[in-house]
file model.cif (mmCIF, C-alpha atoms and all ligand atoms)
data_structure
#
loop_
_atom_site.label_atom_id
_atom_site.label_comp_id
_atom_site.auth_asym_id
_atom_site.auth_seq_id
_atom_site.Cartn_x
_atom_site.Cartn_y
_atom_site.Cartn_z
CA GLU B 1 -33.61 -17.15 -42.70
CA MET B 2 -31.97 -18.02 -46.02
CA SER B 3 -33.73 -17.07 -49.24
CA GLU B 4 -34.23 -19.74 -51.88
CA GLN B 5 -31.34 -18.29 -53.86
CA GLU B 6 -29.06 -18.37 -50.82
CA ARG B 7 -30.12 -21.96 -50.09
CA ALA B 8 -29.26 -23.02 -53.65
CA PHE B 9 -25.91 -21.24 -53.33
CA GLN B 10 -25.12 -23.01 -50.06
CA ASP B 11 -26.06 -26.34 -51.66
CA ARG B 12 -23.52 -25.74 -54.41
CA ILE B 13 -20.88 -24.97 -51.79
CA ASP B 14 -21.81 -28.08 -49.81
CA ARG B 15 -21.48 -30.20 -52.95
CA GLY B 16 -17.93 -28.86 -53.36
CA GLU B 17 -18.62 -26.82 -56.49
CA LYS B 18 -16.43 -23.81 -57.24
CA ILE B 19 -18.07 -20.41 -57.53
CA GLU B 20 -16.94 -18.42 -60.56
CA PRO B 21 -16.78 -14.62 -61.05
CA LYS B 22 -19.97 -13.83 -62.96
CA GLU B 23 -22.21 -16.20 -61.01
CA TRP B 24 -24.70 -15.08 -58.40
CA MET B 25 -23.35 -14.91 -54.86
CA PRO B 26 -24.62 -13.43 -51.58
CA GLU B 27 -23.29 -9.91 -50.92
CA GLY B 28 -21.71 -11.14 -47.68
CA TYR B 29 -19.77 -13.82 -49.55
CA ARG B 30 -18.45 -11.24 -52.00
CA LYS B 31 -17.54 -8.82 -49.21
CA THR B 32 -15.78 -11.46 -47.16
CA LEU B 33 -13.74 -12.56 -50.15
CA ILE B 34 -12.77 -9.00 -51.04
CA ARG B 35 -11.67 -8.46 -47.44
CA GLN B 36 -9.70 -11.68 -47.17
CA ILE B 37 -8.16 -11.74 -50.67
CA GLY B 38 -7.42 -8.01 -50.50
CA GLN B 39 -5.78 -8.37 -47.10
CA HIS B 40 -3.85 -11.34 -48.39
CA ALA B 41 -2.65 -9.39 -51.46
CA HIS B 42 -1.57 -6.48 -49.26
CA SER B 43 0.38 -8.90 -47.07
CA GLU B 44 2.31 -10.16 -50.07
CA ILE B 45 3.48 -6.73 -51.15
CA VAL B 46 4.08 -5.31 -47.67
CA GLY B 47 5.93 -8.56 -47.00
CA GLN B 48 8.49 -7.53 -49.61
CA LEU B 49 9.71 -4.73 -47.35
CA PRO B 50 11.38 -6.52 -44.42
CA GLU B 51 13.24 -8.88 -46.77
CA GLY B 52 13.92 -6.38 -49.55
CA ASN B 53 15.80 -4.49 -46.88
CA TRP B 54 18.42 -7.28 -46.87
CA ILE B 55 19.04 -7.74 -50.60
CA THR B 56 22.01 -5.38 -50.61
CA ARG B 57 23.46 -7.03 -47.52
CA ALA B 58 23.12 -10.72 -48.40
CA PRO B 59 26.40 -12.45 -47.48
CA THR B 60 27.14 -14.05 -50.88
CA LEU B 61 26.22 -13.55 -54.51
CA GLU B 62 24.25 -16.79 -54.45
CA ARG B 63 22.23 -15.76 -51.38
CA LYS B 64 21.59 -12.41 -52.98
CA ALA B 65 20.26 -13.95 -56.21
CA ILE B 66 18.00 -16.29 -54.21
CA LEU B 67 16.64 -13.52 -52.01
CA LEU B 68 16.06 -11.26 -55.00
CA ALA B 69 14.05 -14.00 -56.72
CA LYS B 70 12.02 -14.65 -53.59
CA VAL B 71 11.16 -11.00 -53.04
CA GLN B 72 10.11 -10.73 -56.70
CA ASP B 73 7.91 -13.80 -56.27
CA GLU B 74 6.05 -11.98 -53.48
CA ALA B 75 5.23 -9.15 -55.88
CA GLY B 76 3.89 -11.77 -58.30
CA HIS B 77 1.74 -13.29 -55.53
CA GLY B 78 0.34 -9.84 -54.85
CA LEU B 79 -0.58 -9.50 -58.53
CA TYR B 80 -2.34 -12.88 -58.74
CA LEU B 81 -4.33 -11.98 -55.63
CA TYR B 82 -5.24 -8.44 -56.70
CA SER B 83 -6.40 -9.95 -60.00
CA ALA B 84 -8.52 -12.51 -58.15
CA ALA B 85 -10.03 -9.69 -56.07
CA GLU B 86 -10.76 -7.67 -59.23
CA THR B 87 -13.04 -10.47 -60.50
CA LEU B 88 -15.30 -9.56 -57.54
CA GLY B 89 -15.82 -6.02 -58.78
CA VAL B 90 -13.21 -4.02 -56.91
CA SER B 91 -10.23 -2.42 -58.64
CA ARG B 92 -6.62 -2.71 -57.62
CA ASP B 93 -6.44 1.07 -57.22
CA GLU B 94 -9.38 1.00 -54.80
CA LEU B 95 -7.78 -1.77 -52.75
CA LEU B 96 -4.45 0.06 -52.60
CA GLU B 97 -6.19 3.20 -51.48
CA LEU B 98 -7.83 1.27 -48.63
CA LEU B 99 -4.41 -0.11 -47.65
CA HIS B 100 -2.79 3.30 -47.76
CA ASN B 101 -5.48 5.05 -45.73
CA GLY B 102 -5.38 2.31 -43.08
CA LYS B 103 -8.89 0.96 -43.73
CA MET B 104 -7.66 -2.47 -44.78
CA LYS B 105 -5.31 -4.74 -42.90
CA TYR B 106 -2.28 -6.77 -43.89
CA SER B 107 -0.61 -9.57 -41.97
CA SER B 108 0.59 -8.62 -38.48
CA ILE B 109 3.91 -10.39 -39.03
CA PHE B 110 5.28 -7.75 -41.38
CA ASN B 111 5.24 -5.13 -38.66
CA TYR B 112 8.26 -6.69 -36.97
CA PRO B 113 11.79 -5.65 -37.94
CA THR B 114 14.43 -7.85 -39.60
CA LEU B 115 17.58 -7.00 -37.66
CA ASN B 116 20.20 -9.39 -39.02
CA TRP B 117 20.85 -12.12 -41.57
CA ALA B 118 19.54 -14.88 -39.29
CA ASP B 119 16.19 -13.05 -39.38
CA ILE B 120 16.04 -13.61 -43.13
CA GLY B 121 16.50 -17.35 -42.60
CA THR B 122 13.91 -17.34 -39.84
CA VAL B 123 11.38 -15.36 -41.85
CA GLY B 124 11.70 -17.86 -44.72
CA TRP B 125 11.44 -20.83 -42.40
CA LEU B 126 8.75 -19.72 -39.91
CA VAL B 127 6.84 -16.96 -41.71
CA ASP B 128 6.67 -18.65 -45.10
CA GLY B 129 6.13 -21.94 -43.26
CA ALA B 130 3.10 -20.49 -41.48
CA ALA B 131 1.92 -18.92 -44.74
CA ILE B 132 2.00 -22.31 -46.50
CA MET B 133 0.22 -24.03 -43.64
CA ASN B 134 -2.59 -21.52 -44.11
CA GLN B 135 -2.52 -21.50 -47.91
CA VAL B 136 -2.47 -25.24 -48.58
CA GLN B 137 -6.03 -25.50 -47.27
CA LEU B 138 -7.02 -22.37 -49.21
CA GLN B 139 -6.30 -24.25 -52.45
CA LYS B 140 -9.66 -25.88 -51.68
CA THR B 141 -11.45 -22.60 -51.05
CA SER B 142 -14.83 -22.30 -52.77
CA TYR B 143 -14.07 -19.27 -54.94
CA GLY B 144 -12.46 -20.45 -58.19
CA PRO B 145 -10.01 -17.61 -58.94
CA TYR B 146 -8.75 -17.53 -55.32
CA SER B 147 -8.32 -21.29 -55.24
CA ARG B 148 -6.35 -21.30 -58.50
CA ALA B 149 -4.11 -18.44 -57.34
CA MET B 150 -3.37 -20.45 -54.19
CA ILE B 151 -2.24 -23.52 -56.12
CA ARG B 152 0.43 -21.52 -57.89
CA ILE B 153 1.42 -19.53 -54.82
CA CYS B 154 1.87 -22.66 -52.70
CA LYS B 155 4.41 -24.09 -55.12
CA GLU B 156 6.51 -20.95 -54.94
CA GLU B 157 6.01 -20.62 -51.21
CA SER B 158 7.59 -24.01 -50.53
CA PHE B 159 10.74 -22.85 -52.30
CA HIS B 160 10.70 -19.76 -50.07
CA GLN B 161 10.45 -21.82 -46.95
CA ARG B 162 13.30 -24.07 -48.01
CA GLN B 163 15.59 -21.17 -48.82
CA GLY B 164 15.00 -19.86 -45.29
CA TYR B 165 15.64 -23.22 -43.70
CA ASP B 166 18.77 -23.59 -45.80
CA ILE B 167 20.15 -20.30 -44.45
CA LEU B 168 19.59 -21.60 -40.93
CA LEU B 169 21.09 -25.02 -41.69
CA LYS B 170 24.25 -23.26 -42.73
CA MET B 171 24.32 -20.96 -39.70
CA CYS B 172 23.34 -23.58 -37.12
CA LEU B 173 25.12 -26.71 -38.34
CA GLN B 174 28.20 -25.25 -40.04
CA GLY B 175 28.43 -21.78 -38.53
CA THR B 176 30.34 -20.28 -35.66
CA ALA B 177 29.01 -20.05 -32.10
CA GLU B 178 28.06 -16.42 -32.78
CA GLN B 179 26.08 -17.40 -35.87
CA LYS B 180 24.18 -20.02 -33.94
CA GLU B 181 23.45 -17.45 -31.26
CA MET B 182 22.09 -15.08 -33.90
CA ALA B 183 19.79 -17.83 -35.15
CA GLN B 184 18.51 -18.51 -31.62
CA ASP B 185 17.93 -14.80 -31.07
CA ALA B 186 15.93 -14.60 -34.32
CA MET B 187 13.91 -17.64 -33.23
CA ASN B 188 13.19 -15.99 -29.87
CA ARG B 189 11.83 -12.87 -31.56
CA PHE B 190 9.86 -14.50 -34.39
CA TRP B 191 8.22 -17.52 -32.72
CA TYR B 192 5.19 -15.81 -31.17
CA PRO B 193 4.64 -13.34 -34.04
CA ALA B 194 4.62 -16.38 -36.39
CA LEU B 195 1.95 -18.06 -34.23
CA MET B 196 -0.11 -14.86 -34.44
CA MET B 197 -0.24 -15.10 -38.23
CA PHE B 198 -3.06 -17.65 -37.96
CA GLY B 199 -5.32 -15.04 -36.40
CA PRO B 200 -6.97 -14.80 -32.98
CA SER B 201 -7.96 -17.91 -31.06
CA ASP B 202 -11.15 -19.51 -32.35
CA LYS B 203 -13.27 -18.06 -29.56
CA ASP B 204 -12.28 -14.54 -30.68
CA SER B 205 -12.41 -15.14 -34.43
CA VAL B 206 -15.41 -13.13 -35.62
CA HIS B 207 -15.41 -14.37 -39.22
CA SER B 208 -14.53 -18.07 -38.93
CA ALA B 209 -18.00 -19.61 -38.54
CA GLN B 210 -19.52 -17.91 -41.60
CA SER B 211 -16.33 -18.20 -43.66
CA MET B 212 -16.18 -21.93 -42.96
CA GLN B 213 -19.82 -22.44 -43.84
CA TRP B 214 -19.08 -20.80 -47.19
CA LYS B 215 -15.82 -22.78 -47.46
CA ILE B 216 -13.89 -19.57 -47.88
CA LYS B 217 -11.85 -20.94 -44.97
CA ILE B 218 -11.40 -24.69 -44.62
CA ASN B 219 -9.75 -24.88 -41.18
CA THR B 220 -10.04 -22.77 -38.05
CA ASN B 221 -7.24 -20.50 -36.86
CA ASP B 222 -6.41 -22.77 -33.91
CA GLU B 223 -6.38 -25.95 -36.02
CA LEU B 224 -3.77 -24.46 -38.35
CA ARG B 225 -1.71 -23.02 -35.49
CA GLN B 226 -1.57 -26.49 -33.90
CA LYS B 227 -0.49 -28.11 -37.19
CA PHE B 228 2.20 -25.47 -37.61
CA VAL B 229 3.63 -26.09 -34.13
CA ASP B 230 3.60 -29.86 -34.68
CA GLN B 231 5.41 -29.49 -37.99
CA THR B 232 7.95 -26.96 -36.74
CA VAL B 233 9.16 -28.52 -33.48
CA PRO B 234 11.18 -31.35 -35.14
CA GLN B 235 12.63 -28.84 -37.63
CA ALA B 236 13.84 -26.67 -34.73
CA GLU B 237 15.28 -29.75 -33.03
CA TYR B 238 17.23 -30.63 -36.14
CA LEU B 239 18.73 -27.13 -36.17
CA GLY B 240 19.52 -27.39 -32.45
CA LEU B 241 17.37 -24.34 -31.69
CA THR B 242 15.19 -23.98 -28.62
CA ILE B 243 11.60 -22.85 -29.02
CA PRO B 244 11.10 -20.04 -26.47
CA ASP B 245 8.22 -21.72 -24.66
CA ALA B 246 8.67 -23.47 -21.32
CA ASN B 247 5.21 -25.04 -21.72
CA LEU B 248 5.96 -26.75 -25.02
CA LYS B 249 5.34 -30.43 -24.45
CA TRP B 250 4.26 -33.44 -26.51
CA ASN B 251 0.74 -34.50 -25.61
CA GLU B 252 0.34 -38.17 -26.44
CA GLU B 253 -3.41 -38.15 -26.00
CA LYS B 254 -4.08 -35.43 -28.56
CA GLY B 255 -1.17 -36.47 -30.76
CA GLY B 256 0.24 -32.95 -30.85
CA TYR B 257 2.20 -30.45 -28.78
CA ASP B 258 0.81 -28.36 -25.97
CA PHE B 259 2.16 -24.84 -26.27
CA SER B 260 1.72 -21.30 -24.91
CA GLU B 261 -0.58 -18.87 -26.66
CA PRO B 262 0.97 -15.69 -28.00
CA ASP B 263 0.32 -12.40 -26.19
CA TRP B 264 -3.04 -11.48 -27.70
CA ASP B 265 -2.89 -7.91 -26.41
CA GLU B 266 0.24 -7.44 -28.48
CA PHE B 267 -1.52 -8.99 -31.49
CA PHE B 268 -4.46 -6.57 -31.28
CA GLU B 269 -2.09 -3.62 -30.84
CA VAL B 270 -0.21 -4.66 -33.98
CA ILE B 271 -3.29 -5.18 -36.15
CA ASN B 272 -4.64 -1.84 -34.98
CA GLY B 273 -1.60 -0.05 -36.32
CA ASN B 274 0.58 0.13 -33.22
CA GLY B 275 3.23 -2.52 -33.86
CA PRO B 276 6.97 -1.81 -34.00
CA CYS B 277 7.09 -1.11 -37.77
CA ASN B 278 3.51 -0.25 -38.85
CA ALA B 279 4.25 3.42 -39.48
CA GLU B 280 7.48 2.64 -41.34
CA ARG B 281 5.80 0.02 -43.57
CA MET B 282 2.93 2.33 -44.49
CA GLU B 283 5.28 5.19 -45.20
CA ALA B 284 7.33 2.98 -47.54
CA ARG B 285 4.18 1.84 -49.38
CA VAL B 286 2.70 5.31 -49.74
CA THR B 287 6.02 6.77 -50.90
CA ALA B 288 6.40 4.00 -53.49
CA TRP B 289 2.86 4.71 -54.74
CA GLU B 290 3.49 8.46 -55.00
CA ASP B 291 6.90 8.01 -56.60
CA GLY B 292 5.29 5.75 -59.22
CA ALA B 293 2.65 8.32 -60.24
CA TRP B 294 4.67 9.66 -63.20
CA PHE B 295 5.01 6.11 -64.54
CA ARG B 296 1.31 5.28 -64.24
CA ASP B 297 0.48 8.62 -65.90
CA GLY B 298 2.89 7.81 -68.72
CA LEU B 299 1.31 4.40 -69.26
CA MET B 300 -2.18 5.88 -69.37
CA ALA B 301 -1.11 8.62 -71.81
CA HIS B 302 0.51 6.00 -74.03
CA ALA B 303 -2.59 3.78 -73.94
CA LYS B 304 -4.80 6.76 -74.90
CA LYS B 305 -2.54 7.63 -77.80
CA GLN B 306 -2.65 4.04 -79.06
CA GLU B 307 -6.40 3.97 -78.76
CA ALA B 308 -6.76 7.25 -80.66
CA ARG B 309 -4.50 5.87 -83.40
CA ARG B 310 -6.59 2.71 -83.72
CA ALA B 311 -9.77 4.79 -83.89
CA SER B 312 -8.50 7.05 -86.69
N1 LIG B 401 -2.77 -10.08 -39.25
C1 LIG B 401 -3.61 -9.05 -39.43
N2 LIG B 401 -4.94 -9.13 -39.22
C2 LIG B 401 -5.43 -10.32 -38.80
C3 LIG B 401 -4.62 -11.44 -38.61
C4 LIG B 401 -3.22 -11.29 -38.83
N3 LIG B 401 -2.37 -12.28 -38.64
N4 LIG B 401 -5.38 -12.46 -38.20
C5 LIG B 401 -6.64 -12.00 -38.14
N5 LIG B 401 -6.68 -10.70 -38.49
C6 LIG B 401 -7.84 -9.82 -38.47
C7 LIG B 401 -8.91 -10.23 -39.45
O1 LIG B 401 -8.65 -9.67 -40.72
C8 LIG B 401 -10.14 -9.66 -38.81
O2 LIG B 401 -10.16 -8.24 -38.97
P1 LIG B 401 -11.21 -7.48 -39.96
O3 LIG B 401 -12.57 -7.95 -39.57
O4 LIG B 401 -10.96 -6.04 -39.71
O5 LIG B 401 -10.83 -7.90 -41.34
C9 LIG B 401 -9.87 -9.88 -37.34
O6 LIG B 401 -8.46 -9.95 -37.22
C10 LIG B 401 -10.54 -11.11 -36.75
O7 LIG B 401 -9.95 -12.31 -37.22
P2 LIG B 401 -10.78 -13.53 -37.86
O8 LIG B 401 -12.23 -13.35 -37.60
O9 LIG B 401 -10.17 -14.80 -37.42
O10 LIG B 401 -10.50 -13.24 -39.42
P3 LIG B 401 -10.42 -14.23 -40.65
O11 LIG B 401 -11.55 -15.20 -40.64
O12 LIG B 401 -10.26 -13.40 -41.85
O13 LIG B 401 -9.08 -15.10 -40.40
C11 LIG B 401 -6.90 -15.25 -41.47
C12 LIG B 401 -7.80 -14.51 -40.45
C13 LIG B 401 -6.67 -16.66 -40.95
C14 LIG B 401 -5.58 -14.49 -41.57
C15 LIG B 401 -7.65 -15.29 -42.82
O14 LIG B 401 -8.03 -14.01 -43.22
C16 LIG B 401 -6.82 -15.90 -43.93
O15 LIG B 401 -6.66 -17.11 -44.00
N6 LIG B 401 -6.33 -15.05 -44.86
C17 LIG B 401 -5.60 -15.47 -46.04
C18 LIG B 401 -4.15 -15.71 -45.75
C19 LIG B 401 -3.36 -14.43 -45.56
O16 LIG B 401 -3.85 -13.33 -45.57
N7 LIG B 401 -2.07 -14.58 -45.41
C20 LIG B 401 -1.22 -13.42 -45.31
C21 LIG B 401 0.03 -13.72 -44.59
S1 LIG B 401 1.05 -14.84 -45.41
C22 LIG B 401 2.00 -14.00 -46.53
O17 LIG B 401 1.58 -13.11 -47.10
C23 LIG B 401 3.38 -14.43 -46.78
#
call {"tool": "encode", "arguments": {"input": "model.cif", "output": "structure tokens", "more": "lines below"}}
Ligand code: ACO
result
Amino acid sequence: EMSEQERAFQDRIDRGEKIEPKEWMPEGYRKTLIRQIGQHAHSEIVGQLPEGNWITRAPTLERKAILLAKVQDEAGHGLYLYSAAETLGVSRDELLELLHNGKMKYSSIFNYPTLNWADIGTVGWLVDGAAIMNQVQLQKTSYGPYSRAMIRICKEESFHQRQGYDILLKMCLQGTAEQKEMAQDAMNRFWYPALMMFGPSDKDSVHSAQSMQWKIKINTNDELRQKFVDQTVPQAEYLGLTIPDANLKWNEEKGGYDFSEPDWDEFFEVINGNGPCNAERMEARVTAWEDGAWFRDGLMAHAKKQEARRAS
């Protein structure tokens, strides 16, 4: 059973107190946070790849400036999160190594390709929309640095979602028939992968029970998936897009939509490295890391020189 120290820790959590970096915490709590925050940080920077791919092909100067700013924001989110993880005693270099050698995960969604401009709108709308749905509750997470990072990230994330929806408003309400078709095609490809972002169904979620007891997670995967569907359906209707699910139906009794589950076999394939773009994403990350070695070396050499100067 729980030790006295663990009991006291759980009492603090139950009272809604935040846990701060240098305070005592169970090893499992620390490990779970490093896993979740690290995976979250990796998702932010790997998430730059599918959209970064479209910066040079944005249709107007304005769209290009917006997309550039958004993709830069994602790098910033990665930095806040790596910094939050570092307060738990793991370095950013260690985390990146675990990403690069495949021992740590990043969000499944970024292993799908972005094929056309409507995909960029859809990623902003659905992917950032799902990300916010998950992150709003994480603002209340029990670990102080993670919770504070989430507050800032959520503000920026809502701008990201709106820029995506705005692309689709233009294509669907003012665009040509072909543009509307592109938007529907993007919707057809991204709907189920977006639902997968919330993780496996509750019965298959290995970490949820403990993470919720520690208030690392506030809601279950299925609760957030349901909220996301309920929020998204009217937005799709406004755009005149059809959600690719014949079973989607308002359920008066539960006050939410009934909907089809994603293909969980596909989900597990993707998180185990076998999705459409896993190899490409990892190659891009590892190449960027290797290409940056000369710069990191230069920074270290400069810091050493400065330190030697101060010492003399
Ligand atoms: N993509 C990749 N891996 C996933 C996903 C997903 N969408 N969902 C679950 N997993 C993994 C879990 O990491 C876990 O694997 P592990 O034990 O090897 O780490 C396994 O599947 C089982 O899932 P759960 O027990 O449900 O895991 P957990 O309690 O961590 O819940 C969740 C998953 C909801 C993603 C949680 O980790 C979380 O809220 N993370 C923070 C948010 C986040 O990472 N967002 C990134 C995408 S948004 C963006 O970056 C724009």
call {"tool": "residues_near_ligand", "arguments": {"input": "model.cif", "ligand": "ligand LIG 401 (chain B)", "cutoff": "8 Å", "atoms": "all atoms listed in the file", "output": "VMD selection string"}}
result
chain B and resid 32 35 to 37 39 to 45 47 74 104 to 109 127 to 128 130 to 132 134 to 135 138 196 to 202 204 to 208 211 217 220 to 221 267 to 268 270 to 271
call {"tool": "closest_residue", "arguments": {"input": "model.cif", "among": "B:Glu157, B:Tyr112, B:Glu97, B:Gly102", "to": "Pro276 in chain B", "atoms": "all atoms listed in the file"}}
result
B:Tyr112
call {"tool": "closest_residue", "arguments": {"input": "model.cif", "among": "B:Trp294, B:Trp117, B:Trp125, B:Trp289", "to": "His160 in chain B", "atoms": "all atoms listed in the file"}}
result
B:Trp125
call {"tool": "residues_around", "arguments": {"input": "model.cif", "residues": "range 24-31 of chain B", "least_positions_apart": "5", "cutoff": "8 Å", "atoms": "only C-alpha atoms", "output": "number ranges by chain"}}
result
B: 6, 9, 88, 214
call {"tool": "atom_distance", "arguments": {"input": "model.cif", "atom1": "CA of Val71 in chain B", "atom2": "CA of Gln48 in chain B"}}
result
5.6 Å
call {"tool": "closest_residue", "arguments": {"input": "model.cif", "among": "B:Asn53, B:Gln163, B:Thr60, B:Ser91", "to": "Thr114 in chain B", "atoms": "only C-alpha atoms"}}
result
B:Asn53
call {"tool": "closest_residue", "arguments": {"input": "model.cif", "among": "B:Leu81, B:Leu126, B:Leu68, B:Leu241", "to": "Gly164 in chain B", "atoms": "all atoms listed in the file"}}
result
B:Leu126
call {"tool": "atom_distance", "arguments": {"input": "model.cif", "atom1": "CA of Ala69 in chain B", "atom2": "CA of Glu51 in chain B"}}
result
11.2 Å
call {"tool": "closest_atom_pairs", "arguments": {"input": "model.cif", "of": "range 98-197 of chain B", "to": "range 246-262 of chain B", "cutoff": "8 Å", "atoms": "all atoms listed in the file", "output": "tab-separated table"}}
result
residue	atom	partner	partner_atom	distance
B:Tyr192	CA	B:Pro262	CA	5.3
B:Pro193	CA	B:Pro262	CA	7.4
B:Leu195	CA	B:Pro262	CA	6.7
B:Met196	CA	B:Pro262	CA	6.6
call {"tool": "residues_near_point", "arguments": {"input": "model.cif", "point": "(-16.5, -27.1, -58.1)", "cutoff": "10 Å", "atoms": "all atoms listed in the file", "output": "VMD selection string"}}
result
chain B and resid 12 to 20 140 to 144
call {"tool": "atom_distance", "arguments": {"input": "model.cif", "atom1": "CA of Ala75 in chain B", "atom2": "CA of Cys154 in chain B"}}
result
14.3 Å
call {"tool": "closest_residue", "arguments": {"input": "model.cif", "among": "B:Lys304, B:Lys70, B:His77, B:Arg296", "to": "Ile55 in chain B", "atoms": "all atoms listed in the file"}}
result
B:Lys70
call {"tool": "closest_residue", "arguments": {"input": "model.cif", "among": "B:Leu115, B:Ala186, B:Ile151, B:Ala84", "to": "Val136 in chain B", "atoms": "only C-alpha atoms"}}
result
B:Ile151
